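Okay, so here's the structure we're looking at.
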Amino acid sequence: MASIPAESVPTLKVALLGCGVVGSSVATMLVENADDLAARVGARLELIGIAVRRPERARPDVPVDPALFTADADTLVRAADIVIEVIGGIDPARGLILTAMEHGASVVTANKALLAEDGPTLYSAAGEHGVDLYYEAAVAGAIPIVRPMRESLVGDDVQRVLGIVNGTTNFVLDKMDSTGAGFAETVEQAQALGYAEADPTADVEGFDAAAKAAILASLAFHTRVSSDDVHREGITEVTAADIQAARDMDAVVKLLAICELVRDDEGAPTGVSVRVHPAMIARTHPLASVRDAYNAVFVEASAAGELMFYGKGAGGDPTSSAILGDVVAVARHRLAGGHGPKESAYADLPVVDMGLATTRYHISLAVADRPGVLAQVASAFADHGVSIETVRQRMLTDDDESRASLVIVTHRATDSALAATVDALTGLDTVDAVVSWMRVEGA
C-alpha cells in the first residue's frame, strides 16, 4: 500500500503497557503496518511509549526506538489517546487503566483476570469519562467472540454458550485421547512446546477458563458475573481410564466453559449457571473436533440457532490480531466523536448454585455379579430422581467370585441429585467401588 503523508491525517497517541510475547507482537504490528492502519482508521497511530519493568534491557526483536521504553507507566498513560494493556494481573493494571480513563484515553486490554474480577469498576469508569473499553483478546485470542456477543447477537436471546477456551488443557486432553499418554507426561510435552507455563496451575486447574467463562456469561445474559461466581474444576484428576471410557461411548473429554440461562416452568429466566469442568462430549458434536491448542466457542441463540467460533486461542500474533482490531475500532470512535457498546447488565439475574445446574453423568461401577445387583443400583438412582439412559455390563475376571463392571449414562438431572446418587452408590454392599464419574455434555 502506498505511504500516506503524515500531514494528511491526524495523529492518535498510543501507549503500550507490557512488552512480553503479546506486547512485542503488538508493537511490531503497530510499526510495520503503520500505513495500512492509518488508512483504515483515518489517523496515524503514533506509539509514544512502552511501559516495562526494565527499560534498559535490549529487545532486538522489537522494531522500535529503544528510547520509547519506560518504567514510568503512570506518566505514559496520562499522555495517550489510546492505551493498550497487556501486562496482565490485577495490580498495577487496574490502577493504570483507571488513570488512563480519567485522562481521556480509551483502553484496549487482554486482561481476562481483571475483567472477571472487577469489570464493573472499569465499565463504570469508561462511562463516566466517555471513553471506550474493548477486550476482544481477553477471551479466546484471535477468535472474534466478544464483539459478536456485544454487538452481532445483542438483538437475539442467547440461551447457552459452550466453549473450549484454554489451549493448554485442550492440548493435554487431545494428546491423552490420541496417544494414550498420561496426564503428567502430556503436560510436560505441552511445556516443551510452549503451550504450558512452567507452573501450569492457572490452566490445568481451570482458573483461566473460569475468568473467560465469567466474561462470556456477563455478555450473553446481560448480568454481572465474576470469576468467584463460576463453579470450577480442573483436569488434574482426569485419568487414562476416563479417556478410554469416553472413547468407549464414542466421545472425547474436554475442559468446557458452560454458561446457561436457567428458566422456570413457564419459560421465564430465573438465573444463570456458569461452570468450568471436564466433561465427555460426543464425537459428533462440533467441539469434539477441536484439536491441539485450539479454542472454540459454541453459541446457541433463539433466532440465530447454533453458531461456532473457532481458531487460535493464544500466542503473540493471534492475540495481537484481536488487540489491533480493537485499537482500530476505538480509534475510529475517537475520530467520529462516538463510542462503542457499554456494559449491559440490565437483566441482573442471580448466578445459581452448581447443584441446581442440569447435566448428565457417566458413572462406572465395580459390582458383585449376582441376582438383584442391577435392581439395587437402579433403585439408588430412582431414590434421587435420576433417570438412567443406558446401562452396559461387562464381566471382570476374579479368582474368588464373579465381578462385573457397570457403566451407566443418565438423563439430565440436577448436579446435586447426581452427586447424591453417587454417594448412595458408594454405600451399597453390592458396589465394590465407584470407579469413575464424569459429566456428559453436548446432548
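We name chains A, B, ... following the order of the C-alpha cells; residues begin at 1 in each chain, and ligands are numbered from 1 as shown.
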
Could you produce a table of the residues of segment 290-390 of chain A lying within 12 Å of segment 111-115 of chain A, with the nearest pair of atoms per residue and their separation in Å rounded to one decimal, using only C-alpha atoms, ordered by chain and increasing residue number, as CSV?
```
residue,atom,partner,partner_atom,distance
A:Thr319,CA,A:Asn111,CA,11.4
A:Ile323,CA,A:Asn111,CA,11.2
A:Glu343,CA,A:Leu115,CA,11.6
```

Mind the document's chain letters and residue numbers, and return as a PDB file with N, CA and C atoms, in the first residue's frame the residues of segment 194-419 of chain A that DSSP labels helix (DSSP H, G or I).
```
ATOM      1  N   THR A 201      -0.616 -24.250  36.752  1.00  0.00           N
ATOM      2  CA  THR A 201      -1.783 -24.305  37.634  1.00  0.00           C
ATOM      3  C   THR A 201      -2.979 -23.525  37.100  1.00  0.00           C
ATOM      4  N   ALA A 202      -2.751 -22.293  36.646  1.00  0.00           N
ATOM      5  CA  ALA A 202      -3.872 -21.469  36.188  1.00  0.00           C
ATOM      6  C   ALA A 202      -4.648 -22.139  35.065  1.00  0.00           C
ATOM      7  N   ASP A 203      -3.940 -22.897  34.241  1.00  0.00           N
ATOM      8  CA  ASP A 203      -4.586 -23.582  33.126  1.00  0.00           C
ATOM      9  C   ASP A 203      -5.226 -24.896  33.565  1.00  0.00           C
ATOM     10  N   VAL A 204      -4.434 -25.801  34.146  1.00  0.00           N
ATOM     11  CA  VAL A 204      -4.933 -27.154  34.408  1.00  0.00           C
ATOM     12  C   VAL A 204      -5.937 -27.197  35.550  1.00  0.00           C
ATOM     13  N   PHE A 207      -8.558 -22.059  36.343  1.00  0.00           N
ATOM     14  CA  PHE A 207      -8.710 -20.648  36.713  1.00  0.00           C
ATOM     15  C   PHE A 207      -8.821 -19.759  35.475  1.00  0.00           C
ATOM     16  N   ASP A 208      -7.984 -20.008  34.486  1.00  0.00           N
ATOM     17  CA  ASP A 208      -8.009 -19.218  33.259  1.00  0.00           C
ATOM     18  C   ASP A 208      -9.365 -19.348  32.561  1.00  0.00           C
ATOM     19  N   ALA A 209      -9.833 -20.570  32.429  1.00  0.00           N
ATOM     20  CA  ALA A 209     -11.121 -20.794  31.767  1.00  0.00           C
ATOM     21  C   ALA A 209     -12.268 -20.184  32.554  1.00  0.00           C
ATOM     22  N   ALA A 210     -12.183 -20.198  33.884  1.00  0.00           N
ATOM     23  CA  ALA A 210     -13.247 -19.630  34.707  1.00  0.00           C
ATOM     24  C   ALA A 210     -13.365 -18.128  34.507  1.00  0.00           C
ATOM     25  N   ALA A 211     -12.240 -17.431  34.389  1.00  0.00           N
ATOM     26  CA  ALA A 211     -12.278 -15.989  34.141  1.00  0.00           C
ATOM     27  C   ALA A 211     -12.945 -15.695  32.804  1.00  0.00           C
ATOM     28  N   LYS A 212     -12.622 -16.492  31.802  1.00  0.00           N
ATOM     29  CA  LYS A 212     -13.218 -16.295  30.476  1.00  0.00           C
ATOM     30  C   LYS A 212     -14.706 -16.633  30.490  1.00  0.00           C
ATOM     31  N   ALA A 213     -15.072 -17.663  31.234  1.00  0.00           N
ATOM     32  CA  ALA A 213     -16.488 -18.025  31.349  1.00  0.00           C
ATOM     33  C   ALA A 213     -17.278 -16.897  31.985  1.00  0.00           C
ATOM     34  N   ALA A 214     -16.698 -16.234  32.979  1.00  0.00           N
ATOM     35  CA  ALA A 214     -17.380 -15.115  33.634  1.00  0.00           C
ATOM     36  C   ALA A 214     -17.648 -13.992  32.636  1.00  0.00           C
ATOM     37  N   ILE A 215     -16.672 -13.704  31.790  1.00  0.00           N
ATOM     38  CA  ILE A 215     -16.843 -12.643  30.795  1.00  0.00           C
ATOM     39  C   ILE A 215     -17.923 -13.036  29.792  1.00  0.00           C
ATOM     40  N   LEU A 216     -17.871 -14.268  29.304  1.00  0.00           N
ATOM     41  CA  LEU A 216     -18.851 -14.730  28.321  1.00  0.00           C
ATOM     42  C   LEU A 216     -20.270 -14.715  28.892  1.00  0.00           C
ATOM     43  N   ALA A 217     -20.422 -15.178  30.130  1.00  0.00           N
ATOM     44  CA  ALA A 217     -21.746 -15.196  30.753  1.00  0.00           C
ATOM     45  C   ALA A 217     -22.281 -13.789  30.955  1.00  0.00           C
ATOM     46  N   SER A 218     -21.413 -12.863  31.356  1.00  0.00           N
ATOM     47  CA  SER A 218     -21.834 -11.475  31.545  1.00  0.00           C
ATOM     48  C   SER A 218     -22.373 -10.897  30.244  1.00  0.00           C
ATOM     49  N   LEU A 219     -21.675 -11.180  29.141  1.00  0.00           N
ATOM     50  CA  LEU A 219     -22.094 -10.667  27.840  1.00  0.00           C
ATOM     51  C   LEU A 219     -23.369 -11.344  27.348  1.00  0.00           C
ATOM     52  N   ALA A 220     -23.423 -12.669  27.505  1.00  0.00           N
ATOM     53  CA  ALA A 220     -24.539 -13.440  26.948  1.00  0.00           C
ATOM     54  C   ALA A 220     -25.854 -13.138  27.642  1.00  0.00           C
ATOM     55  N   PHE A 221     -25.798 -12.947  28.960  1.00  0.00           N
ATOM     56  CA  PHE A 221     -27.033 -12.867  29.739  1.00  0.00           C
ATOM     57  C   PHE A 221     -27.266 -11.509  30.396  1.00  0.00           C
ATOM     58  N   SER A 227     -15.485 -14.070  38.383  1.00  0.00           N
ATOM     59  CA  SER A 227     -14.829 -15.381  38.410  1.00  0.00           C
ATOM     60  C   SER A 227     -15.177 -16.144  39.678  1.00  0.00           C
ATOM     61  N   ASP A 228     -15.472 -15.431  40.760  1.00  0.00           N
ATOM     62  CA  ASP A 228     -15.852 -16.100  42.006  1.00  0.00           C
ATOM     63  C   ASP A 228     -17.207 -16.788  41.895  1.00  0.00           C
ATOM     64  N   ASP A 229     -18.028 -16.367  40.935  1.00  0.00           N
ATOM     65  CA  ASP A 229     -19.344 -16.973  40.741  1.00  0.00           C
ATOM     66  C   ASP A 229     -19.281 -18.282  39.965  1.00  0.00           C
ATOM     67  N   ALA A 240      -6.294 -41.817  32.344  1.00  0.00           N
ATOM     68  CA  ALA A 240      -6.352 -42.552  31.080  1.00  0.00           C
ATOM     69  C   ALA A 240      -7.609 -43.407  31.022  1.00  0.00           C
ATOM     70  N   ALA A 241      -8.064 -43.884  32.178  1.00  0.00           N
ATOM     71  CA  ALA A 241      -9.303 -44.676  32.220  1.00  0.00           C
ATOM     72  C   ALA A 241     -10.505 -43.826  31.839  1.00  0.00           C
ATOM     73  N   ASP A 242     -10.520 -42.553  32.259  1.00  0.00           N
ATOM     74  CA  ASP A 242     -11.606 -41.649  31.883  1.00  0.00           C
ATOM     75  C   ASP A 242     -11.609 -41.421  30.372  1.00  0.00           C
ATOM     76  N   ILE A 243     -10.430 -41.249  29.827  1.00  0.00           N
ATOM     77  CA  ILE A 243     -10.311 -41.033  28.381  1.00  0.00           C
ATOM     78  C   ILE A 243     -10.809 -42.257  27.627  1.00  0.00           C
ATOM     79  N   GLN A 244     -10.453 -43.444  28.126  1.00  0.00           N
ATOM     80  CA  GLN A 244     -10.896 -44.674  27.476  1.00  0.00           C
ATOM     81  C   GLN A 244     -12.401 -44.861  27.627  1.00  0.00           C
ATOM     82  N   ALA A 245     -12.927 -44.510  28.790  1.00  0.00           N
ATOM     83  CA  ALA A 245     -14.371 -44.621  28.996  1.00  0.00           C
ATOM     84  C   ALA A 245     -15.120 -43.731  28.012  1.00  0.00           C
ATOM     85  N   ALA A 246     -14.593 -42.549  27.771  1.00  0.00           N
ATOM     86  CA  ALA A 246     -15.213 -41.662  26.787  1.00  0.00           C
ATOM     87  C   ALA A 246     -15.121 -42.275  25.393  1.00  0.00           C
ATOM     88  N   ARG A 247     -13.965 -42.833  25.080  1.00  0.00           N
ATOM     89  CA  ARG A 247     -13.785 -43.450  23.763  1.00  0.00           C
ATOM     90  C   ARG A 247     -14.770 -44.601  23.569  1.00  0.00           C
ATOM     91  N   ASP A 248     -15.023 -45.351  24.625  1.00  0.00           N
ATOM     92  CA  ASP A 248     -15.942 -46.490  24.527  1.00  0.00           C
ATOM     93  C   ASP A 248     -17.365 -46.044  24.176  1.00  0.00           C
ATOM     94  N   PRO A 286     -19.637 -30.522  17.237  1.00  0.00           N
ATOM     95  CA  PRO A 286     -18.561 -29.732  16.625  1.00  0.00           C
ATOM     96  C   PRO A 286     -17.366 -29.475  17.538  1.00  0.00           C
ATOM     97  N   LEU A 287     -17.583 -29.317  18.841  1.00  0.00           N
ATOM     98  CA  LEU A 287     -16.469 -29.043  19.751  1.00  0.00           C
ATOM     99  C   LEU A 287     -15.531 -30.229  19.904  1.00  0.00           C
ATOM    100  N   ALA A 288     -16.027 -31.431  19.631  1.00  0.00           N
ATOM    101  CA  ALA A 288     -15.186 -32.624  19.794  1.00  0.00           C
ATOM    102  C   ALA A 288     -14.031 -32.642  18.815  1.00  0.00           C
ATOM    103  N   SER A 289     -14.180 -31.964  17.690  1.00  0.00           N
ATOM    104  CA  SER A 289     -13.138 -31.972  16.663  1.00  0.00           C
ATOM    105  C   SER A 289     -12.102 -30.882  16.854  1.00  0.00           C
ATOM    106  N   GLY A 316       1.379 -14.850  20.600  1.00  0.00           N
ATOM    107  CA  GLY A 316       1.622 -13.434  20.354  1.00  0.00           C
ATOM    108  C   GLY A 316       0.873 -12.873  19.167  1.00  0.00           C
ATOM    109  N   ASP A 317       1.040 -13.471  17.993  1.00  0.00           N
ATOM    110  CA  ASP A 317       0.421 -12.929  16.785  1.00  0.00           C
ATOM    111  C   ASP A 317      -1.106 -13.060  16.784  1.00  0.00           C
ATOM    112  N   PRO A 318      -1.672 -14.232  17.137  1.00  0.00           N
ATOM    113  CA  PRO A 318      -3.131 -14.310  17.172  1.00  0.00           C
ATOM    114  C   PRO A 318      -3.755 -13.311  18.140  1.00  0.00           C
ATOM    115  N   THR A 319      -3.178 -13.188  19.328  1.00  0.00           N
ATOM    116  CA  THR A 319      -3.742 -12.266  20.314  1.00  0.00           C
ATOM    117  C   THR A 319      -3.585 -10.815  19.873  1.00  0.00           C
ATOM    118  N   SER A 320      -2.440 -10.499  19.281  1.00  0.00           N
ATOM    119  CA  SER A 320      -2.234  -9.120  18.825  1.00  0.00           C
ATOM    120  C   SER A 320      -3.170  -8.775  17.672  1.00  0.00           C
ATOM    121  N   SER A 321      -3.575  -9.771  16.885  1.00  0.00           N
ATOM    122  CA  SER A 321      -4.556  -9.524  15.832  1.00  0.00           C
ATOM    123  C   SER A 321      -5.853  -9.011  16.430  1.00  0.00           C
ATOM    124  N   ALA A 322      -6.324  -9.665  17.508  1.00  0.00           N
ATOM    125  CA  ALA A 322      -7.548  -9.218  18.172  1.00  0.00           C
ATOM    126  C   ALA A 322      -7.360  -7.842  18.791  1.00  0.00           C
ATOM    127  N   ILE A 323      -6.201  -7.595  19.380  1.00  0.00           N
ATOM    128  CA  ILE A 323      -5.936  -6.301  20.012  1.00  0.00           C
ATOM    129  C   ILE A 323      -5.953  -5.181  18.978  1.00  0.00           C
ATOM    130  N   LEU A 324      -5.274  -5.386  17.849  1.00  0.00           N
ATOM    131  CA  LEU A 324      -5.239  -4.335  16.828  1.00  0.00           C
ATOM    132  C   LEU A 324      -6.616  -4.096  16.225  1.00  0.00           C
ATOM    133  N   GLY A 325      -7.442  -5.127  16.148  1.00  0.00           N
ATOM    134  CA  GLY A 325      -8.813  -4.920  15.699  1.00  0.00           C
ATOM    135  C   GLY A 325      -9.561  -3.984  16.626  1.00  0.00           C
ATOM    136  N   ASP A 326      -9.354  -4.174  17.936  1.00  0.00           N
ATOM    137  CA  ASP A 326      -9.979  -3.281  18.914  1.00  0.00           C
ATOM    138  C   ASP A 326      -9.414  -1.868  18.819  1.00  0.00           C
ATOM    139  N   VAL A 327      -8.096  -1.765  18.609  1.00  0.00           N
ATOM    140  CA  VAL A 327      -7.470  -0.447  18.515  1.00  0.00           C
ATOM    141  C   VAL A 327      -8.050   0.337  17.343  1.00  0.00           C
ATOM    142  N   VAL A 328      -8.213  -0.321  16.202  1.00  0.00           N
ATOM    143  CA  VAL A 328      -8.806   0.357  15.046  1.00  0.00           C
ATOM    144  C   VAL A 328     -10.225   0.826  15.375  1.00  0.00           C
ATOM    145  N   ALA A 329     -11.000  -0.036  16.058  1.00  0.00           N
ATOM    146  CA  ALA A 329     -12.378   0.329  16.397  1.00  0.00           C
ATOM    147  C   ALA A 329     -12.437   1.554  17.309  1.00  0.00           C
ATOM    148  N   VAL A 330     -11.640   1.555  18.390  1.00  0.00           N
ATOM    149  CA  VAL A 330     -11.720   2.687  19.326  1.00  0.00           C
ATOM    150  C   VAL A 330     -11.127   3.944  18.711  1.00  0.00           C
ATOM    151  N   ALA A 331     -10.134   3.780  17.830  1.00  0.00           N
ATOM    152  CA  ALA A 331      -9.562   4.946  17.155  1.00  0.00           C
ATOM    153  C   ALA A 331     -10.601   5.595  16.246  1.00  0.00           C
ATOM    154  N   ARG A 332     -11.346   4.783  15.520  1.00  0.00           N
ATOM    155  CA  ARG A 332     -12.416   5.326  14.666  1.00  0.00           C
ATOM    156  C   ARG A 332     -13.464   6.049  15.498  1.00  0.00           C
ATOM    157  N   HIS A 333     -13.772   5.495  16.663  1.00  0.00           N
ATOM    158  CA  HIS A 333     -14.762   6.143  17.520  1.00  0.00           C
ATOM    159  C   HIS A 333     -14.281   7.522  17.974  1.00  0.00           C
ATOM    160  N   ARG A 334     -13.005   7.631  18.312  1.00  0.00           N
ATOM    161  CA  ARG A 334     -12.472   8.922  18.768  1.00  0.00           C
ATOM    162  C   ARG A 334     -12.574   9.960  17.657  1.00  0.00           C
ATOM    163  N   LEU A 335     -12.271   9.545  16.440  1.00  0.00           N
ATOM    164  CA  LEU A 335     -12.332  10.486  15.322  1.00  0.00           C
ATOM    165  C   LEU A 335     -13.768  10.925  15.036  1.00  0.00           C
ATOM    166  N   ALA A 336     -14.705   9.979  15.191  1.00  0.00           N
ATOM    167  CA  ALA A 336     -16.103  10.273  14.876  1.00  0.00           C
ATOM    168  C   ALA A 336     -16.842  10.923  16.036  1.00  0.00           C
ATOM    169  N   MET A 354     -24.133 -24.494  41.747  1.00  0.00           N
ATOM    170  CA  MET A 354     -23.803 -25.606  40.863  1.00  0.00           C
ATOM    171  C   MET A 354     -24.759 -26.773  41.048  1.00  0.00           C
ATOM    172  N   GLY A 355     -25.238 -26.977  42.246  1.00  0.00           N
ATOM    173  CA  GLY A 355     -26.147 -28.097  42.499  1.00  0.00           C
ATOM    174  C   GLY A 355     -27.434 -28.017  41.713  1.00  0.00           C
ATOM    175  N   LEU A 356     -27.813 -26.812  41.268  1.00  0.00           N
ATOM    176  CA  LEU A 356     -29.040 -26.632  40.500  1.00  0.00           C
ATOM    177  C   LEU A 356     -28.821 -26.749  38.998  1.00  0.00           C
ATOM    178  N   VAL A 373     -28.414 -57.193  41.879  1.00  0.00           N
ATOM    179  CA  VAL A 373     -27.473 -56.072  41.949  1.00  0.00           C
ATOM    180  C   VAL A 373     -27.957 -54.899  41.098  1.00  0.00           C
ATOM    181  N   LEU A 374     -28.338 -55.201  39.872  1.00  0.00           N
ATOM    182  CA  LEU A 374     -28.769 -54.132  38.983  1.00  0.00           C
ATOM    183  C   LEU A 374     -30.010 -53.422  39.534  1.00  0.00           C
ATOM    184  N   ALA A 375     -30.918 -54.195  40.120  1.00  0.00           N
ATOM    185  CA  ALA A 375     -32.124 -53.594  40.696  1.00  0.00           C
ATOM    186  C   ALA A 375     -31.769 -52.676  41.861  1.00  0.00           C
ATOM    187  N   GLN A 376     -30.792 -53.097  42.667  1.00  0.00           N
ATOM    188  CA  GLN A 376     -30.374 -52.273  43.802  1.00  0.00           C
ATOM    189  C   GLN A 376     -29.731 -50.979  43.322  1.00  0.00           C
ATOM    190  N   VAL A 377     -28.909 -51.093  42.296  1.00  0.00           N
ATOM    191  CA  VAL A 377     -28.267 -49.902  41.734  1.00  0.00           C
ATOM    192  C   VAL A 377     -29.320 -48.970  41.130  1.00  0.00           C
ATOM    193  N   ALA A 378     -30.238 -49.533  40.370  1.00  0.00           N
ATOM    194  CA  ALA A 378     -31.286 -48.718  39.747  1.00  0.00           C
ATOM    195  C   ALA A 378     -32.131 -48.022  40.799  1.00  0.00           C
ATOM    196  N   SER A 379     -32.357 -48.690  41.919  1.00  0.00           N
ATOM    197  CA  SER A 379     -33.145 -48.093  42.996  1.00  0.00           C
ATOM    198  C   SER A 379     -32.452 -46.864  43.573  1.00  0.00           C
ATOM    199  N   ALA A 380     -31.116 -46.911  43.656  1.00  0.00           N
ATOM    200  CA  ALA A 380     -30.369 -45.756  44.172  1.00  0.00           C
ATOM    201  C   ALA A 380     -30.573 -44.536  43.276  1.00  0.00           C
ATOM    202  N   PHE A 381     -30.615 -44.776  41.975  1.00  0.00           N
ATOM    203  CA  PHE A 381     -30.869 -43.669  41.047  1.00  0.00           C
ATOM    204  C   PHE A 381     -32.299 -43.157  41.216  1.00  0.00           C
ATOM    205  N   ALA A 382     -33.246 -44.073  41.264  1.00  0.00           N
ATOM    206  CA  ALA A 382     -34.652 -43.690  41.367  1.00  0.00           C
ATOM    207  C   ALA A 382     -34.925 -42.917  42.656  1.00  0.00           C
ATOM    208  N   ASP A 383     -34.276 -43.327  43.734  1.00  0.00           N
ATOM    209  CA  ASP A 383     -34.493 -42.665  45.015  1.00  0.00           C
ATOM    210  C   ASP A 383     -34.129 -41.183  44.974  1.00  0.00           C
ATOM    211  N   ASP A 415     -27.300 -31.367  39.230  1.00  0.00           N
ATOM    212  CA  ASP A 415     -25.994 -31.861  39.643  1.00  0.00           C
ATOM    213  C   ASP A 415     -26.020 -32.359  41.076  1.00  0.00           C
ATOM    214  N   SER A 416     -26.817 -31.723  41.939  1.00  0.00           N
ATOM    215  CA  SER A 416     -26.899 -32.163  43.330  1.00  0.00           C
ATOM    216  C   SER A 416     -27.526 -33.545  43.430  1.00  0.00           C
ATOM    217  N   ALA A 417     -28.550 -33.824  42.604  1.00  0.00           N
ATOM    218  CA  ALA A 417     -29.180 -35.147  42.620  1.00  0.00           C
ATOM    219  C   ALA A 417     -28.211 -36.208  42.136  1.00  0.00           C
ATOM    220  N   LEU A 418     -27.439 -35.871  41.122  1.00  0.00           N
ATOM    221  CA  LEU A 418     -26.462 -36.829  40.601  1.00  0.00           C
ATOM    222  C   LEU A 418     -25.353 -37.092  41.619  1.00  0.00           C
ATOM    223  N   ALA A 419     -24.885 -36.042  42.279  1.00  0.00           N
ATOM    224  CA  ALA A 419     -23.843 -36.220  43.298  1.00  0.00           C
ATOM    225  C   ALA A 419     -24.357 -37.056  44.463  1.00  0.00           C
TER     226      ALA A 419
END
```

Check: Hey, which of A:Ala257, A:Val225, A:Leu12, A:Ala181 ends up closest to Arg160 of chain A? Count only C-alpha atoms.
Finding: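 Of A:Ala257, A:Val225, A:Leu12, A:Ala181, the one nearest Arg160 of chain A, counting only C-alpha atoms, is A:Ala257.
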
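The smallest atom-to-atom distance between Val22 of chain A and any of A:Pro10, A:Gly88, A:Gly206, A:Gly311, using only C-alpha atoms, is found for A:Gly88.
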
Check: So which bits of segment 98-326 of chain A end up strand (DSSP E or B) when you DSSP the backbone, as a PyMOL selection string?
Finding: chain A and resi 106-109+133-134+158-164+231-232+251-263+269-282+294-301+305-312

Checklist line | Proximity to Val52 of chain A - best of A:Val351, A:Cys19, A:Val83, A:Val274, only C-alpha atoms | finding: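 For Val52 of chain A, the nearest of the given residues is A:Cys19.
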
Checklist line | Residues near Arg360 of chain A, cut-off 9 Å, only C-alpha atoms, skip fewer than 6 positions along chain, as a ChimeraX atom specification | finding: /A:409-415,418,438-441,443

Next item on the list: For Ser364 of chain A, please output as a PyMOL selection string all residues within 6 Å (counting only C-alpha atoms; exclusion window: fewer than 5 positions along the same chain).
Entry: chain A and resi 406-407+435-436

Based on the selection just made, write all heavy atoms of those residues as a PDB file, in the first residue's frame.
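As written to disk, out39.pdb reads:
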```
ATOM      1  N   LEU A 406     -20.259 -52.106  35.663  1.00  0.00           N
ATOM      2  CA  LEU A 406     -21.470 -51.468  35.163  1.00  0.00           C
ATOM      3  C   LEU A 406     -21.124 -50.048  34.739  1.00  0.00           C
ATOM      4  O   LEU A 406     -20.520 -49.285  35.509  1.00  0.00           O
ATOM      5  CB  LEU A 406     -22.551 -51.398  36.244  1.00  0.00           C
ATOM      6  CG  LEU A 406     -23.341 -52.658  36.583  1.00  0.00           C
ATOM      7  CD1 LEU A 406     -24.371 -52.329  37.657  1.00  0.00           C
ATOM      8  CD2 LEU A 406     -24.018 -53.224  35.353  1.00  0.00           C
ATOM      9  N   VAL A 407     -21.476 -49.706  33.526  1.00  0.00           N
ATOM     10  CA  VAL A 407     -21.287 -48.344  33.032  1.00  0.00           C
ATOM     11  C   VAL A 407     -22.667 -47.757  32.750  1.00  0.00           C
ATOM     12  O   VAL A 407     -23.419 -48.284  31.925  1.00  0.00           O
ATOM     13  CB  VAL A 407     -20.419 -48.318  31.762  1.00  0.00           C
ATOM     14  CG1 VAL A 407     -20.331 -46.892  31.227  1.00  0.00           C
ATOM     15  CG2 VAL A 407     -19.026 -48.854  32.062  1.00  0.00           C
ATOM     16  N   VAL A 435     -15.851 -46.467  40.321  1.00  0.00           N
ATOM     17  CA  VAL A 435     -14.531 -46.362  39.690  1.00  0.00           C
ATOM     18  C   VAL A 435     -14.295 -44.957  39.153  1.00  0.00           C
ATOM     19  O   VAL A 435     -13.219 -44.390  39.313  1.00  0.00           O
ATOM     20  CB  VAL A 435     -14.412 -47.402  38.552  1.00  0.00           C
ATOM     21  CG1 VAL A 435     -13.055 -47.267  37.866  1.00  0.00           C
ATOM     22  CG2 VAL A 435     -14.595 -48.801  39.109  1.00  0.00           C
ATOM     23  N   SER A 436     -15.286 -44.402  38.517  1.00  0.00           N
ATOM     24  CA  SER A 436     -15.151 -43.044  37.996  1.00  0.00           C
ATOM     25  C   SER A 436     -16.518 -42.466  37.688  1.00  0.00           C
ATOM     26  O   SER A 436     -17.499 -43.211  37.527  1.00  0.00           O
ATOM     27  CB  SER A 436     -14.292 -43.020  36.714  1.00  0.00           C
ATOM     28  OG  SER A 436     -14.946 -43.705  35.661  1.00  0.00           O
TER      29      SER A 436
END
```

Notebook entry, point to check: Which of these, A:Val238, A:Val352, A:Ala314, A:Leu307, has the shortest distance to Glu260 of chain A once you count only C-alpha atoms?
Noted result: A:Val352
